[in-house]
Amino acid sequence: MKTLPEDTTMLLSLINMKLRDFYTSLDELCEDMEIDRADLEERLQKAGYEYSEENRRFW
């Protein structure tokens with residue numbers, strides 16, 4: 001797994017930017033960055049963010 005920011009706001013910004021600019025899905029991002037999708041979603045859900053497949057971003 002690649003190192004991700006510990007700060008939730010920085011993590012949210014990084015993931016959403018990568019989804020917007022480089023990936024067509026969260027699965028593709030997680031596979032390429034070697035991130036466990038469930039862990040990422042859980043971490044952001046604890047901060048109140050939810051992933052939208054339709055919008056391809058966390059909010």
# chains A, B, ... in the order shown; residues from 1 in each chain; ligands from 1

$ residues_around --residues "Phe58 of chain A" --least-positions-apart "3" --cutoff "7 Å" --atoms "only C-alpha atoms" --output "PDB file with N, CA and C atoms, in the first residue's frame"
ATOM      1  N   ASN A  16     -10.167  12.505  -4.087  1.00  0.00           N
ATOM      2  CA  ASN A  16     -11.107  13.119  -5.032  1.00  0.00           C
ATOM      3  C   ASN A  16     -10.392  13.709  -6.251  1.00  0.00           C
ATOM      4  N   TYR A  49     -17.765  11.209   5.469  1.00  0.00           N
ATOM      5  CA  TYR A  49     -17.805  11.226   4.007  1.00  0.00           C
ATOM      6  C   TYR A  49     -18.279   9.889   3.453  1.00  0.00           C
ATOM      7  N   GLU A  50     -18.983   9.964   2.353  1.00  0.00           N
ATOM      8  CA  GLU A  50     -19.548   8.783   1.706  1.00  0.00           C
ATOM      9  C   GLU A  50     -19.186   8.823   0.226  1.00  0.00           C
ATOM     10  N   TYR A  51     -18.918   7.660  -0.354  1.00  0.00           N
ATOM     11  CA  TYR A  51     -18.560   7.611  -1.766  1.00  0.00           C
ATOM     12  C   TYR A  51     -19.810   7.553  -2.633  1.00  0.00           C
ATOM     13  N   SER A  52     -19.813   8.349  -3.695  1.00  0.00           N
ATOM     14  CA  SER A  52     -20.902   8.359  -4.672  1.00  0.00           C
ATOM     15  C   SER A  52     -20.363   7.799  -5.980  1.00  0.00           C
TER      16      SER A  52
END

$ residues_around --residues "Trp59 of chain A" --least-positions-apart "3" --cutoff "12 Å" --atoms "only C-alpha atoms" --output "PDB file with C-alpha atoms, in the first residue's frame"
ATOM      1  CA  THR A   9      -9.019  16.537   4.840  1.00  0.00           C
ATOM      2  CA  LEU A  12     -10.210  13.408   0.943  1.00  0.00           C
ATOM      3  CA  SER A  13      -8.666  16.049  -1.305  1.00  0.00           C
ATOM      4  CA  ILE A  15      -8.513  10.843  -3.427  1.00  0.00           C
ATOM      5  CA  ASN A  16     -11.107  13.119  -5.032  1.00  0.00           C
ATOM      6  CA  GLU A  41     -14.077   3.951   2.718  1.00  0.00           C
ATOM      7  CA  LEU A  44     -13.501   8.480   5.274  1.00  0.00           C
ATOM      8  CA  GLN A  45     -16.903   7.324   6.597  1.00  0.00           C
ATOM      9  CA  ALA A  47     -15.082  11.502   9.156  1.00  0.00           C
ATOM     10  CA  GLY A  48     -18.594  11.756   7.705  1.00  0.00           C
ATOM     11  CA  TYR A  49     -17.805  11.226   4.007  1.00  0.00           C
ATOM     12  CA  GLU A  50     -19.548   8.783   1.706  1.00  0.00           C
ATOM     13  CA  TYR A  51     -18.560   7.611  -1.766  1.00  0.00           C
ATOM     14  CA  SER A  52     -20.902   8.359  -4.672  1.00  0.00           C
ATOM     15  CA  GLU A  53     -20.453   6.021  -7.653  1.00  0.00           C
ATOM     16  CA  GLU A  54     -22.578   8.351  -9.775  1.00  0.00           C
ATOM     17  CA  ASN A  55     -20.431  11.416  -9.020  1.00  0.00           C
ATOM     18  CA  ARG A  56     -17.201   9.451  -8.683  1.00  0.00           C
TER      19      ARG A  56
END

$ residues_around --residues "Pro5 of chain A" --least-positions-apart "5" --cutoff "9 Å" --atoms "only C-alpha atoms" --output "mmCIF file with N, CA and C atoms, in the first residue's frame"
data_model
loop_
_atom_site.group_PDB
_atom_site.id
_atom_site.type_symbol
_atom_site.label_atom_id
_atom_site.label_comp_id
_atom_site.auth_asym_id
_atom_site.auth_seq_id
_atom_site.Cartn_x
_atom_site.Cartn_y
_atom_site.Cartn_z
ATOM 1 N N MET A 10 -6.794 16.177 3.964
ATOM 2 C CA MET A 10 -5.795 15.983 2.899
ATOM 3 C C MET A 10 -6.075 14.689 2.133
ATOM 4 N N LEU A 11 -6.457 13.640 2.854
ATOM 5 C CA LEU A 11 -6.788 12.362 2.222
ATOM 6 C C LEU A 11 -7.973 12.527 1.282
ATOM 7 N N LEU A 14 -6.896 14.472 -1.825
ATOM 8 C CA LEU A 14 -6.053 13.659 -2.695
ATOM 9 C C LEU A 14 -6.866 12.628 -3.480
#

$ select_by_dssp --residues "chain A" --states "strand (DSSP E or B)" --output "ChimeraX atom specification"
/A:51-52,57-58

$ write_last_selection --atoms "N, CA and C atoms" --output "PDB file, in the first residue's frame"
ATOM      1  N   TYR A  51     -18.918   7.660  -0.354  1.00  0.00           N
ATOM      2  CA  TYR A  51     -18.560   7.611  -1.766  1.00  0.00           C
ATOM      3  C   TYR A  51     -19.810   7.553  -2.633  1.00  0.00           C
ATOM      4  N   SER A  52     -19.813   8.349  -3.695  1.00  0.00           N
ATOM      5  CA  SER A  52     -20.902   8.359  -4.672  1.00  0.00           C
ATOM      6  C   SER A  52     -20.363   7.799  -5.980  1.00  0.00           C
ATOM      7  N   ARG A  57     -16.895  10.467  -6.517  1.00  0.00           N
ATOM      8  CA  ARG A  57     -16.179  11.247  -5.495  1.00  0.00           C
ATOM      9  C   ARG A  57     -16.759  10.977  -4.115  1.00  0.00           C
ATOM     10  N   PHE A  58     -15.960  11.306  -3.113  1.00  0.00           N
ATOM     11  CA  PHE A  58     -16.428  11.259  -1.732  1.00  0.00           C
ATOM     12  C   PHE A  58     -16.990  12.624  -1.387  1.00  0.00           C
TER      13      PHE A  58
END

$ atom_distance --atom1 "atom CA of Thr3 of chain A" --atom2 "atom CA of Asp21 of chain A"
19.4 Å
